[in-house]
>>> print(open('work_23.txt').read())   # compact mmCIF, C-alpha atoms and all ligand atoms
# COMPACT_ATOMS: atom_id res chain seq x y z
CA MET A 27 42.87 33.32 27.44
CA GLN A 28 45.92 33.97 29.68
CA PRO A 29 49.39 34.07 28.10
CA THR A 30 50.81 30.59 28.24
CA ALA A 31 54.01 29.08 29.65
CA PHE A 32 53.50 26.12 27.32
CA TRP A 33 55.63 26.53 24.17
CA HIS A 34 53.88 24.75 21.31
CA PRO A 35 55.90 22.85 18.71
CA PHE A 36 55.97 24.31 15.19
CA ALA A 37 54.06 27.39 16.30
CA ASN A 38 54.52 31.13 16.17
CA MET A 39 53.69 31.73 19.83
CA ALA A 40 52.92 35.41 19.22
CA GLU A 41 50.07 34.27 17.01
CA VAL A 42 48.74 31.25 18.88
CA SER A 43 49.07 32.43 22.50
CA ALA A 44 45.85 34.39 22.49
CA ASN A 45 43.76 31.98 20.47
CA ARG A 46 44.16 28.31 21.25
CA LEU A 47 41.98 25.23 21.10
CA THR A 48 42.04 23.33 24.38
CA ILE A 49 41.08 19.69 23.91
CA THR A 50 39.79 18.17 27.12
CA ARG A 51 38.53 14.73 26.12
CA ALA A 52 38.14 12.40 23.16
CA GLN A 53 36.14 9.36 22.16
CA GLY A 54 36.17 7.34 18.94
CA ASN A 55 36.70 9.63 15.97
CA TYR A 56 35.81 12.78 17.93
CA VAL A 57 37.52 15.20 20.30
CA TYR A 58 35.89 17.79 22.57
CA ASP A 59 37.09 21.24 23.62
CA ASP A 60 36.80 22.95 27.01
CA SER A 61 33.40 24.36 26.09
CA GLY A 62 32.13 20.88 25.20
CA ARG A 63 32.19 21.43 21.41
CA GLU A 64 32.62 18.29 19.35
CA TYR A 65 35.08 18.00 16.42
CA LEU A 66 35.64 15.20 13.96
CA ASP A 67 39.34 14.34 14.24
CA ALA A 68 40.05 14.22 10.51
CA THR A 69 43.82 14.10 11.07
CA ALA A 70 43.92 11.40 13.79
CA SER A 71 45.75 14.03 15.86
CA LEU A 72 49.19 14.10 14.20
CA TRP A 73 48.68 11.11 11.85
CA TYR A 74 48.66 8.62 14.69
CA VAL A 75 45.39 7.75 16.46
CA ASN A 76 44.91 4.79 14.15
CA VAL A 77 42.47 2.93 16.43
CA GLY A 78 40.54 6.06 17.44
CA HIS A 79 40.33 7.74 20.82
CA GLY A 80 39.24 6.48 24.23
CA ARG A 81 40.22 2.82 23.88
CA SER A 82 39.96 1.50 27.40
CA GLU A 83 41.90 -1.66 26.41
CA ILE A 84 45.03 0.46 25.90
CA ALA A 85 44.41 2.54 29.03
CA GLU A 86 43.98 -0.66 31.05
CA ALA A 87 47.13 -2.23 29.61
CA ILE A 88 49.05 0.91 30.57
CA ALA A 89 47.63 0.87 34.12
CA ALA A 90 48.27 -2.84 34.58
CA GLN A 91 51.88 -2.52 33.43
CA ALA A 92 52.43 0.61 35.55
CA ASN A 93 51.27 -1.31 38.60
CA LYS A 94 53.43 -4.34 37.80
CA LEU A 95 56.68 -2.82 36.48
CA ALA A 96 56.39 0.84 35.49
CA CYS A 97 59.97 1.25 34.35
CA TYR A 98 63.41 -0.19 34.30
CA SER A 99 66.37 0.48 32.06
CA THR A 100 67.17 -1.96 29.25
CA PHE A 101 70.78 -0.83 28.84
CA SER A 102 73.38 -3.58 28.69
CA ASP A 103 72.01 -7.01 29.71
CA VAL A 104 68.68 -6.03 31.34
CA THR A 105 65.37 -6.68 29.62
CA ASN A 106 61.64 -6.80 30.36
CA GLU A 107 58.74 -8.94 29.18
CA PRO A 108 56.73 -6.33 27.20
CA ALA A 109 59.82 -5.20 25.24
CA GLU A 110 60.69 -8.82 24.37
CA ALA A 111 57.13 -9.64 23.36
CA LEU A 112 56.70 -6.50 21.27
CA ALA A 113 60.02 -6.87 19.45
CA ALA A 114 59.18 -10.46 18.52
CA ARG A 115 55.70 -9.43 17.34
CA VAL A 116 56.97 -6.51 15.24
CA VAL A 117 59.50 -8.81 13.52
CA GLU A 118 56.73 -11.34 12.85
CA LEU A 119 54.50 -8.67 11.29
CA SER A 120 57.29 -7.07 9.29
CA PRO A 121 58.30 -7.95 5.72
CA MET A 122 61.86 -8.55 7.03
CA PRO A 123 62.33 -12.11 8.32
CA GLY A 124 65.03 -12.52 10.96
CA SER A 125 65.19 -8.78 11.61
CA LYS A 126 65.84 -7.11 14.98
CA VAL A 127 64.07 -4.17 16.61
CA PHE A 128 65.74 -1.17 18.28
CA PHE A 129 63.25 0.86 20.35
CA GLY A 130 63.23 4.57 21.19
CA SER A 131 60.69 7.19 22.23
CA GLY A 132 59.39 8.38 18.86
CA GLY A 133 60.06 8.92 15.18
CA GLY A 134 62.96 11.35 15.56
CA ASP A 135 64.79 8.87 17.78
CA ALA A 136 64.19 6.19 15.17
CA ILE A 137 65.67 8.34 12.39
CA ASP A 138 68.80 9.15 14.41
CA THR A 139 69.16 5.47 15.28
CA ALA A 140 68.80 4.37 11.65
CA ALA A 141 71.25 6.98 10.33
CA LYS A 142 73.88 6.23 12.98
CA LEU A 143 73.40 2.51 12.52
CA ALA A 144 73.83 2.77 8.73
CA ARG A 145 77.17 4.54 9.15
CA ARG A 146 78.25 2.22 11.94
CA TYR A 147 77.32 -0.87 9.92
CA PHE A 148 79.64 0.16 7.10
CA PHE A 149 82.34 1.06 9.64
CA GLU A 150 82.09 -2.50 10.97
CA LEU A 151 82.32 -3.80 7.40
CA GLY A 152 85.57 -1.91 6.90
CA ALA A 153 83.99 0.78 4.70
CA PRO A 154 83.98 3.86 7.00
CA GLU A 155 83.99 6.12 3.92
CA ARG A 156 80.34 5.20 3.31
CA GLN A 157 78.82 8.07 5.25
CA ILE A 158 76.41 9.99 3.06
CA VAL A 159 72.79 9.76 4.16
CA VAL A 160 70.23 10.87 1.62
CA SER A 161 66.67 12.15 1.74
CA ARG A 162 64.23 13.66 -0.76
CA ARG A 163 62.98 17.17 -1.33
CA ASP A 164 59.81 17.78 0.73
CA SER A 165 60.50 14.82 3.02
CA TYR A 166 60.13 15.09 6.81
CA HIS A 167 62.17 12.94 9.14
CA GLY A 168 61.62 14.66 12.49
CA THR A 169 63.57 17.31 14.34
CA HIS A 170 66.49 15.49 15.97
CA GLY A 171 70.07 15.93 14.74
CA PHE A 172 69.89 13.70 11.69
CA GLY A 173 66.22 14.48 11.06
CA THR A 174 66.97 18.21 10.91
CA SER A 175 69.94 17.64 8.61
CA LEU A 176 67.86 15.34 6.37
CA ALA A 177 64.92 17.77 6.24
CA GLY A 178 63.57 18.01 2.73
CA ILE A 179 61.30 20.88 3.83
CA ALA A 180 63.91 23.62 3.47
CA PRO A 181 62.70 26.02 6.24
CA ASN A 182 63.12 23.22 8.80
CA ARG A 183 66.90 23.39 8.27
CA VAL A 184 67.27 27.17 8.56
CA GLY A 185 68.90 28.95 11.51
CA TYR A 186 70.52 26.03 13.28
CA GLY A 187 74.10 26.67 12.21
CA ASP A 188 76.20 23.87 10.79
CA LEU A 189 74.18 20.69 10.47
CA ILE A 190 75.49 17.13 10.25
CA GLU A 191 77.95 16.68 7.41
CA GLY A 192 77.57 14.03 4.76
CA VAL A 193 73.88 14.58 4.05
CA ALA A 194 72.41 15.00 0.56
CA ILE A 195 68.91 15.90 -0.59
CA ILE A 196 67.77 14.51 -3.94
CA ASP A 197 64.76 15.07 -6.15
CA ARG A 198 61.42 14.04 -4.71
CA ASP A 199 60.03 12.13 -7.66
CA ASP A 200 62.88 11.09 -9.95
CA PRO A 201 64.66 7.97 -8.68
CA GLU A 202 67.42 8.47 -11.26
CA ASP A 203 68.52 11.54 -9.28
CA LEU A 204 70.04 9.07 -6.81
CA LEU A 205 72.24 7.75 -9.62
CA ARG A 206 73.27 11.32 -10.41
CA LEU A 207 74.31 11.78 -6.75
CA ALA A 208 76.13 8.45 -6.81
CA SER A 209 78.14 9.43 -9.87
CA GLU A 210 78.98 12.88 -8.45
CA ALA A 211 79.77 11.89 -4.85
CA GLY A 212 80.87 8.31 -5.49
CA ALA A 213 78.52 5.34 -5.15
CA ASP A 214 80.84 3.89 -2.51
CA LYS A 215 80.31 6.97 -0.30
CA ILE A 216 76.56 6.55 0.13
CA ALA A 217 75.45 4.78 3.32
CA ALA A 218 71.67 5.05 3.32
CA VAL A 219 68.71 6.55 1.55
CA PHE A 220 65.66 7.58 3.58
CA VAL A 221 62.31 7.29 1.82
CA GLU A 222 58.80 7.99 3.08
CA PRO A 223 56.46 5.70 1.08
CA VAL A 224 53.98 8.59 0.93
CA ILE A 225 55.54 11.93 1.94
CA GLY A 226 53.40 13.17 4.80
CA ALA A 227 54.29 16.42 6.53
CA GLY A 228 55.81 17.79 3.31
CA GLY A 229 52.27 18.02 1.91
CA VAL A 230 51.10 14.43 1.18
CA HIS A 231 53.00 13.51 -2.00
CA LEU A 232 52.25 10.08 -3.40
CA PRO A 233 55.11 8.18 -5.05
CA GLY A 234 54.95 7.86 -8.81
CA GLU A 235 54.29 4.47 -10.38
CA GLY A 236 57.32 2.25 -9.75
CA TYR A 237 59.20 4.90 -7.73
CA ILE A 238 59.67 2.90 -4.51
CA GLU A 239 60.58 -0.25 -6.46
CA ARG A 240 63.18 1.66 -8.49
CA MET A 241 64.69 3.16 -5.31
CA ARG A 242 65.13 -0.39 -4.04
CA GLU A 243 66.89 -1.41 -7.26
CA ILE A 244 69.21 1.60 -7.31
CA THR A 245 70.17 1.36 -3.62
CA ARG A 246 71.08 -2.30 -4.21
CA GLU A 247 73.04 -1.40 -7.31
CA ILE A 248 75.13 1.21 -5.46
CA GLY A 249 75.43 -0.87 -2.29
CA ALA A 250 73.56 1.61 -0.05
CA LEU A 251 70.92 0.77 2.54
CA LEU A 252 67.27 1.61 1.87
CA VAL A 253 65.56 2.99 4.98
CA ILE A 254 61.80 3.19 4.63
CA ASP A 255 60.48 5.85 7.01
CA SER A 256 57.07 4.48 7.95
CA VAL A 257 56.53 6.77 10.94
CA ILE A 258 53.29 7.97 9.31
CA CYS A 259 52.70 5.19 6.79
CA GLY A 260 52.80 2.25 9.21
CA PHE A 261 50.15 0.39 11.18
CA GLY A 262 47.41 0.52 8.56
CA ARG A 263 47.81 4.03 7.16
CA LEU A 264 48.67 2.48 3.76
CA GLY A 265 46.55 -0.62 4.34
CA GLU A 266 49.53 -2.76 5.39
CA TRP A 267 51.47 -3.19 8.61
CA PHE A 268 54.39 -1.03 7.53
CA GLY A 269 53.77 0.37 4.04
CA PRO A 270 56.57 -1.01 1.83
CA GLU A 271 54.52 -4.21 1.40
CA ARG A 272 52.28 -2.14 -0.94
CA PHE A 273 55.17 -2.04 -3.41
CA GLY A 274 56.53 -5.54 -2.81
CA VAL A 275 59.71 -3.92 -1.51
CA VAL A 276 61.86 -5.31 1.31
CA PRO A 277 64.00 -2.52 2.77
CA ASP A 278 67.11 -2.77 4.95
CA MET A 279 65.50 -0.81 7.78
CA ILE A 280 62.04 0.48 8.62
CA THR A 281 61.55 3.36 11.04
CA PHE A 282 58.23 3.42 12.88
CA ALA A 283 56.47 5.35 15.70
CA LYS A 284 53.01 6.98 15.99
CA GLY A 285 50.57 4.17 15.03
CA ILE A 286 52.48 1.52 17.02
CA THR A 287 50.67 2.79 20.13
CA SER A 288 48.11 4.91 18.26
CA GLY A 289 49.89 7.69 20.14
CA TYR A 290 48.49 6.74 23.54
CA ILE A 291 52.05 6.84 24.84
CA PRO A 292 55.30 7.76 23.04
CA LEU A 293 57.15 4.91 21.34
CA GLY A 294 59.17 4.46 18.17
CA GLY A 295 61.85 2.22 16.78
CA VAL A 296 63.75 0.74 13.88
CA ILE A 297 63.36 -2.68 12.31
CA VAL A 298 66.85 -3.70 11.22
CA SER A 299 67.34 -6.43 8.63
CA ALA A 300 69.06 -9.70 9.50
CA ALA A 301 72.05 -8.68 7.36
CA VAL A 302 72.51 -5.21 8.89
CA SER A 303 72.08 -6.44 12.47
CA GLU A 304 74.38 -9.43 11.95
CA PRO A 305 77.73 -7.77 12.82
CA PHE A 306 76.24 -6.54 16.09
CA PHE A 307 74.72 -9.87 17.11
CA SER A 308 77.40 -12.28 15.89
CA GLY A 309 80.24 -10.98 18.01
CA LYS A 310 82.06 -9.61 14.94
CA GLY A 311 81.26 -5.99 15.72
CA ALA A 312 81.57 -3.97 18.88
CA ALA A 313 78.57 -2.76 20.88
CA PHE A 314 76.31 -0.20 19.17
CA ARG A 315 76.98 2.65 21.62
CA HIS A 316 73.64 4.31 21.14
CA GLY A 317 70.21 4.29 22.81
CA PRO A 318 67.80 6.61 24.56
CA THR A 319 66.97 6.17 28.25
CA TYR A 320 63.47 4.89 27.55
CA ALA A 321 64.35 2.27 24.90
CA GLY A 322 62.06 -0.70 25.50
CA HIS A 323 60.02 1.14 28.14
CA PRO A 324 57.66 -1.49 29.57
CA ILE A 325 54.56 0.74 29.73
CA ALA A 326 55.01 1.91 26.14
CA CYS A 327 55.55 -1.66 24.93
CA ALA A 328 52.49 -2.92 26.84
CA ALA A 329 50.39 -0.13 25.30
CA ALA A 330 51.66 -1.13 21.85
CA MET A 331 50.71 -4.77 22.44
CA ALA A 332 47.14 -3.73 23.34
CA ASN A 333 47.00 -1.42 20.31
CA LEU A 334 48.18 -4.21 17.98
CA ASP A 335 45.51 -6.48 19.47
CA ILE A 336 42.86 -3.93 18.45
CA LEU A 337 44.33 -3.42 14.97
CA GLU A 338 44.32 -7.20 14.45
CA GLY A 339 41.09 -8.05 16.26
CA GLU A 340 39.03 -5.40 14.46
CA LYS A 341 40.77 -5.98 11.10
CA LEU A 342 41.68 -2.30 10.89
CA ILE A 343 44.90 -2.68 8.89
CA PRO A 344 43.16 -3.20 5.50
CA LYS A 345 40.96 -0.15 6.15
CA GLY A 346 43.81 2.07 5.03
CA LYS A 347 43.41 0.53 1.56
CA GLU A 348 39.62 0.01 1.57
CA LEU A 349 38.95 3.65 2.44
CA GLU A 350 41.59 5.27 0.20
CA ASN A 351 39.26 5.67 -2.77
CA PRO A 352 36.26 6.93 -0.78
CA LEU A 353 38.59 9.52 0.81
CA ALA A 354 40.04 10.53 -2.56
CA GLU A 355 36.53 10.89 -4.03
CA ALA A 356 35.34 12.95 -1.05
CA LEU A 357 38.29 15.33 -1.39
CA ARG A 358 38.00 15.58 -5.18
CA ILE A 359 34.67 17.40 -4.92
CA THR A 360 36.71 20.44 -3.86
CA LEU A 361 38.21 20.58 -7.36
CA ASP A 362 35.17 22.57 -8.50
CA SER A 363 36.54 25.53 -6.55
CA PRO A 364 38.78 27.85 -8.59
CA ILE A 365 41.15 28.17 -5.63
CA VAL A 366 41.86 24.41 -5.47
CA ALA A 367 44.85 23.45 -7.63
CA GLU A 368 44.84 19.70 -7.07
CA VAL A 369 43.87 16.89 -4.71
CA ARG A 370 46.52 14.37 -3.72
CA ALA A 371 44.98 11.16 -2.41
CA GLY A 372 44.24 7.59 -3.43
CA LEU A 373 47.09 5.67 -1.78
CA GLY A 374 46.33 5.04 1.86
CA LEU A 375 44.07 6.87 4.26
CA LEU A 376 45.61 10.31 3.85
CA GLY A 377 45.20 13.16 1.43
CA ALA A 378 45.73 16.85 0.75
CA VAL A 379 43.87 19.63 -0.97
CA GLU A 380 46.32 22.01 -2.67
CA ILE A 381 45.37 25.68 -2.81
CA THR A 382 46.49 27.61 -5.91
CA PRO A 383 49.66 29.71 -5.58
CA GLU A 384 47.77 32.74 -6.96
CA TYR A 385 45.17 32.57 -4.20
CA ARG A 386 47.77 31.96 -1.50
CA SER A 387 49.95 34.86 -2.57
CA ALA A 388 46.95 37.18 -2.67
CA ASN A 389 45.72 35.80 0.68
CA PRO A 390 48.69 34.76 2.85
CA ALA A 391 46.38 33.54 5.62
CA ALA A 392 44.36 31.33 3.23
CA LEU A 393 45.34 27.96 4.69
CA VAL A 394 44.77 28.99 8.30
CA ASN A 395 41.48 30.63 7.37
CA ILE A 396 40.23 27.44 5.71
CA GLN A 397 41.44 25.40 8.69
CA LEU A 398 39.47 27.71 11.03
CA ALA A 399 36.39 27.59 8.79
CA MET A 400 36.55 23.79 8.98
CA ARG A 401 36.91 24.04 12.75
CA GLU A 402 33.77 26.19 12.89
CA ARG A 403 32.04 23.32 11.07
CA GLY A 404 33.32 20.86 13.68
CA ILE A 405 36.12 19.25 11.63
CA LEU A 406 39.84 19.34 12.48
CA ILE A 407 42.25 19.41 9.53
CA ARG A 408 45.83 20.65 9.15
CA PRO A 409 47.56 23.22 6.93
CA LEU A 410 50.69 21.71 5.36
CA VAL A 411 53.05 23.79 3.23
CA SER A 412 50.63 24.87 0.47
CA SER A 413 47.80 22.46 1.14
CA LEU A 414 45.32 21.22 3.74
CA ALA A 415 45.79 17.66 4.90
CA VAL A 416 43.68 14.90 6.39
CA SER A 417 44.59 11.46 7.75
CA PRO A 418 41.64 10.20 9.81
CA PRO A 419 41.60 7.26 12.23
CA LEU A 420 41.22 3.85 10.55
CA THR A 421 37.88 3.63 12.39
CA ILE A 422 36.35 6.47 10.34
CA THR A 423 33.11 5.65 8.54
CA GLU A 424 32.31 6.40 4.89
CA SER A 425 29.66 8.92 5.94
CA GLU A 426 32.21 10.72 8.13
CA ILE A 427 34.57 10.77 5.14
CA GLU A 428 31.81 12.35 3.04
CA ARG A 429 31.36 14.93 5.78
CA ILE A 430 35.05 15.86 5.50
CA GLY A 431 34.59 16.43 1.74
CA SER A 432 31.43 18.50 2.07
CA GLY A 433 32.93 20.44 5.00
CA PHE A 434 35.89 21.33 2.77
CA VAL A 435 33.59 22.55 0.00
CA GLU A 436 31.65 24.79 2.40
CA ALA A 437 34.74 26.08 4.21
CA ILE A 438 36.58 26.89 0.96
CA LYS A 439 33.49 28.62 -0.40
CA ALA A 440 33.00 30.64 2.80
CA VAL A 441 36.65 31.76 2.90
CA SER A 442 37.09 32.48 -0.82
CA SER A 443 33.85 34.45 -1.09
CA LYS A 444 35.18 36.88 1.55
CA SER A 445 38.39 37.69 -0.31
C1 LIG B 501 57.91 10.46 8.29
C2 LIG B 501 58.28 10.96 9.65
N1 LIG B 501 59.46 10.60 10.17
C3 LIG B 501 59.83 11.01 11.40
C4 LIG B 501 59.01 11.78 12.18
C5 LIG B 501 59.44 12.23 13.53
O1 LIG B 501 58.69 11.65 14.53
P1 LIG B 501 58.59 12.30 15.99
O2 LIG B 501 57.81 13.56 15.83
O3 LIG B 501 57.90 11.25 16.81
O4 LIG B 501 59.99 12.56 16.47
C6 LIG B 501 57.76 12.16 11.68
C7 LIG B 501 56.83 12.97 12.47
O5 LIG B 501 55.78 13.38 12.03
C8 LIG B 501 57.39 11.74 10.38
O6 LIG B 501 56.22 12.12 9.84
>>> encode(input="work_23.txt", output="structure tokens")
Amino acid sequence: MQPTAFWHPFANMAEVSANRLTITRAQGNYVYDDSGREYLDATASLWYVNVGHGRSEIAEAIAAQANKLACYSTFSDVTNEPAEALAARVVELSPMPGSKVFFGSGGGDAIDTAAKLARRYFFELGAPERQIVVSRRDSYHGTHGFGTSLAGIAPNRVGYGDLIEGVAIIDRDDPEDLLRLASEAGADKIAAVFVEPVIGAGGVHLPGEGYIERMREITREIGALLVIDSVICGFGRLGEWFGPERFGVVPDMITFAKGITSGYIPLGGVIVSAAVSEPFFSGKGAAFRHGPTYAGHPIACAAAMANLDILEGEKLIPKGKELENPLAEALRITLDSPIVAEVRAGLGLLGAVEITPEYRSANPAALVNIQLAMRERGILIRPLVSSLAVSPPLTITESEIERIGSGFVEAIKAVSSKS
């Protein structure tokens, strides 16, 4: 293959330039490369093709909107019909009655919006000293300014000079670590705490029993906002519309992206509670001087409406819950291998197979080699930190899930028998 001008995200281009997988088309739960080879998309691309590939309903909605009104700014007092309809529908589906929706172009935008809004909210309330935004070890909140500063995956913060001040990273699993931070930094200095219901890119880490509920209690106790980052966990991934419903928790903000359009076109946003949006809607506060060019983009919003129609019409949202145990069982068969340390799955349609530290240190290319062995068997998975992750479309069948498990067993055996 020719050297490329296309710089891939999160890639060592010296390594990938010569050996890339070119996807040319996709249908249902499968994608096809430029030689026509078929692969089961066991990761739903990057956690987002919730309704599967090739949905003509979404393509048609995009085309129809592009022909009617492809684009127009929503800054200041201008609006459009798809943005209005989608915002109202998202509020209706959310666990936050009376909330408002701020749109952007993806998850990173949503994180920056939520972090700025948290600080600005307290500024409007006369508490500008509440500035600290908090995330957890191993969390991932995108690569924008706040997302980079909040990165719980340490290497994602390295080499970018001084990051945003007033950011703290707490323990991943112990909610009481937030109380420790509050007593050290001052409870009245903490603005918001960002929590992924299930940590995704950091290696698929499920919350302990009662963890999310306790984070809600503590944030209330210290007067900070709870921001649930549902960029991965929304739109059925946890078997609910947004994820926090699984824990009976009502947050102050929810960030979303990915599954809102099943990735057919970029879109993200923040659901902001009635209380937090109030100063900005009641005339008490000034304008929120923030917003990306494509906020409320009509084509993206029309695509989302068509995607939500499919999720609702085909009852795909509960699939994230119905299929969580079959997926966990399929992945657990890898535990027979001596190089598998643990399987993390069983809450939502996502999971990870952790490879032992001993095997990884003896074989630094272990994760990539297993990924490639899976690819040879026609299954796309993803190396994540020290594990291999899957998060298939909600349309996956139980027999396809079994195929992921047996593919893992074969691929791990093939790779480990060579070393
Ligand atoms: C939990 C979480 N938050 C935020 C983001 C950032 O989203 P984007 O890549 O659309 O900027 C991601 C991306 O994977 C994510 O997983």
>>> closest_residue(input="work_23.txt", among="A:Val117, A:Ile396, A:Ile216, A:Ala283", to="ligand LIG 501 (chain B)", atoms="all atoms listed in the file")
A:Ala283
>>> residues_near_ligand(input="work_23.txt", ligand="ligand LIG 501 (chain B)", cutoff="10 Å", atoms="only C-alpha atoms and all ligand atoms", output="PyMOL selection string")
chain A and resi 35+72-74+130-138+165-170+173-174+177+220-228+254-260+281-284+289+292-295
>>> residues_around(input="work_23.txt", residues="Ile158 of chain A", least_positions_apart="5", cutoff="9 Å", atoms="all atoms listed in the file", output="list in words")
Arg145, Glu191, Gly192, Val193, Ala194, Ala211, Lys215, Ile216, Ala217, Ala218 and Val219 of chain A
>>> atom_distance(input="work_23.txt", atom1="atom CA of Ala180 of chain A", atom2="atom CA of Ile195 of chain A")
10.1 Å
>>> closest_residue(input="work_23.txt", among="A:Leu95, A:Val160, A:Val411, A:Ile280", to="Ile381 of chain A", atoms="only C-alpha atoms")
A:Val411
>>> closest_residue(input="work_23.txt", among="A:Ala85, A:Ser209, A:Ile297, A:Ala440", to="Ala114 of chain A", atoms="all atoms listed in the file")
A:Ile297
>>> closest_residue(input="work_23.txt", among="A:Phe273, A:Phe268, A:Phe307, A:Tyr385", to="Val441 of chain A", atoms="all atoms listed in the file")
A:Tyr385
>>> closest_residue(input="work_23.txt", among="A:Leu361, A:Val57, A:Val42, A:Leu204", to="Met241 of chain A", atoms="only C-alpha atoms")
A:Leu204
>>> closest_residue(input="work_23.txt", among="A:Asp188, A:Glu426, A:Glu118, A:Glu150", to="Asp67 of chain A", atoms="only C-alpha atoms")
A:Glu426
>>> residues_around(input="work_23.txt", residues="segment 311-328 of chain A", least_positions_apart="6", cutoff="9 Å", atoms="only C-alpha atoms", output="PDB file with C-alpha atoms, in the coordinates of the input")
ATOM      1  CA  ILE A  84      45.030   0.460  25.900  1.00  0.00           C
ATOM      2  CA  ALA A  87      47.130  -2.230  29.610  1.00  0.00           C
ATOM      3  CA  ILE A  88      49.050   0.910  30.570  1.00  0.00           C
ATOM      4  CA  ALA A  89      47.630   0.870  34.120  1.00  0.00           C
ATOM      5  CA  ALA A  90      48.270  -2.840  34.580  1.00  0.00           C
ATOM      6  CA  GLN A  91      51.880  -2.520  33.430  1.00  0.00           C
ATOM      7  CA  ALA A  92      52.430   0.610  35.550  1.00  0.00           C
ATOM      8  CA  LEU A  95      56.680  -2.820  36.480  1.00  0.00           C
ATOM      9  CA  ALA A  96      56.390   0.840  35.490  1.00  0.00           C
ATOM     10  CA  CYS A  97      59.970   1.250  34.350  1.00  0.00           C
ATOM     11  CA  TYR A  98      63.410  -0.190  34.300  1.00  0.00           C
ATOM     12  CA  SER A  99      66.370   0.480  32.060  1.00  0.00           C
ATOM     13  CA  THR A 100      67.170  -1.960  29.250  1.00  0.00           C
ATOM     14  CA  PHE A 101      70.780  -0.830  28.840  1.00  0.00           C
ATOM     15  CA  THR A 105      65.370  -6.680  29.620  1.00  0.00           C
ATOM     16  CA  ASN A 106      61.640  -6.800  30.360  1.00  0.00           C
ATOM     17  CA  GLU A 107      58.740  -8.940  29.180  1.00  0.00           C
ATOM     18  CA  PRO A 108      56.730  -6.330  27.200  1.00  0.00           C
ATOM     19  CA  ALA A 109      59.820  -5.200  25.240  1.00  0.00           C
ATOM     20  CA  GLU A 110      60.690  -8.820  24.370  1.00  0.00           C
ATOM     21  CA  ALA A 111      57.130  -9.640  23.360  1.00  0.00           C
ATOM     22  CA  LEU A 112      56.700  -6.500  21.270  1.00  0.00           C
ATOM     23  CA  ALA A 113      60.020  -6.870  19.450  1.00  0.00           C
ATOM     24  CA  PHE A 128      65.740  -1.170  18.280  1.00  0.00           C
ATOM     25  CA  PHE A 129      63.250   0.860  20.350  1.00  0.00           C
ATOM     26  CA  GLY A 130      63.230   4.570  21.190  1.00  0.00           C
ATOM     27  CA  SER A 131      60.690   7.190  22.230  1.00  0.00           C
ATOM     28  CA  ASP A 135      64.790   8.870  17.780  1.00  0.00           C
ATOM     29  CA  THR A 139      69.160   5.470  15.280  1.00  0.00           C
ATOM     30  CA  LYS A 142      73.880   6.230  12.980  1.00  0.00           C
ATOM     31  CA  LEU A 143      73.400   2.510  12.520  1.00  0.00           C
ATOM     32  CA  ARG A 146      78.250   2.220  11.940  1.00  0.00           C
ATOM     33  CA  TYR A 147      77.320  -0.870   9.920  1.00  0.00           C
ATOM     34  CA  GLU A 150      82.090  -2.500  10.970  1.00  0.00           C
ATOM     35  CA  LEU A 151      82.320  -3.800   7.400  1.00  0.00           C
ATOM     36  CA  THR A 287      50.670   2.790  20.130  1.00  0.00           C
ATOM     37  CA  TYR A 290      48.490   6.740  23.540  1.00  0.00           C
ATOM     38  CA  ILE A 291      52.050   6.840  24.840  1.00  0.00           C
ATOM     39  CA  PRO A 292      55.300   7.760  23.040  1.00  0.00           C
ATOM     40  CA  LEU A 293      57.150   4.910  21.340  1.00  0.00           C
ATOM     41  CA  GLY A 294      59.170   4.460  18.170  1.00  0.00           C
ATOM     42  CA  GLY A 295      61.850   2.220  16.780  1.00  0.00           C
ATOM     43  CA  GLU A 304      74.380  -9.430  11.950  1.00  0.00           C
ATOM     44  CA  PRO A 305      77.730  -7.770  12.820  1.00  0.00           C
TER      45      PRO A 305
END
>>> residues_around(input="work_23.txt", residues="segment 414-424 of chain A", least_positions_apart="4", cutoff="8 Å", atoms="all atoms listed in the file", output="PyMOL selection string")
chain A and resi 54-55+67-70+73-78+229-230+262-263+342-343+345-346+349+352+375-381+393+397+407-410+428
>>> atom_distance(input="work_23.txt", atom1="atom CA of Ala141 of chain A", atom2="atom CA of Val253 of chain A")
8.8 Å
>>> atom_distance(input="work_23.txt", atom1="atom CA of Ala354 of chain A", atom2="atom CA of Ala392 of chain A")
22.0 Å
>>> residues_near_point(input="work_23.txt", point="(49.6, 22.7, 25.0)", cutoff="9 Å", atoms="all atoms listed in the file", output="ChimeraX atom specification")
/A:30,32-35,46-48
>>> residues_around(input="work_23.txt", residues="Gly274 of chain A", least_positions_apart="2", cutoff="10 Å", atoms="only C-alpha atoms", output="PyMOL selection string")
chain A and resi 121+238-239+269-272+276-277
>>> residues_near_point(input="work_23.txt", point="(31.6, 13.0, 3.0)", cutoff="10 Å", atoms="all atoms listed in the file", output="PyMOL selection string")
chain A and resi 352-353+355-357+359+423-434
>>> axis_aligned_box(input="work_23.txt", around="segment 291-303 of chain A", padding_each_side="5 Å", output="JSON")
{"center_x": 62.3, "center_y": -1.0, "center_z": 16.1, "size_x": 30.5, "size_y": 27.5, "size_z": 27.5}
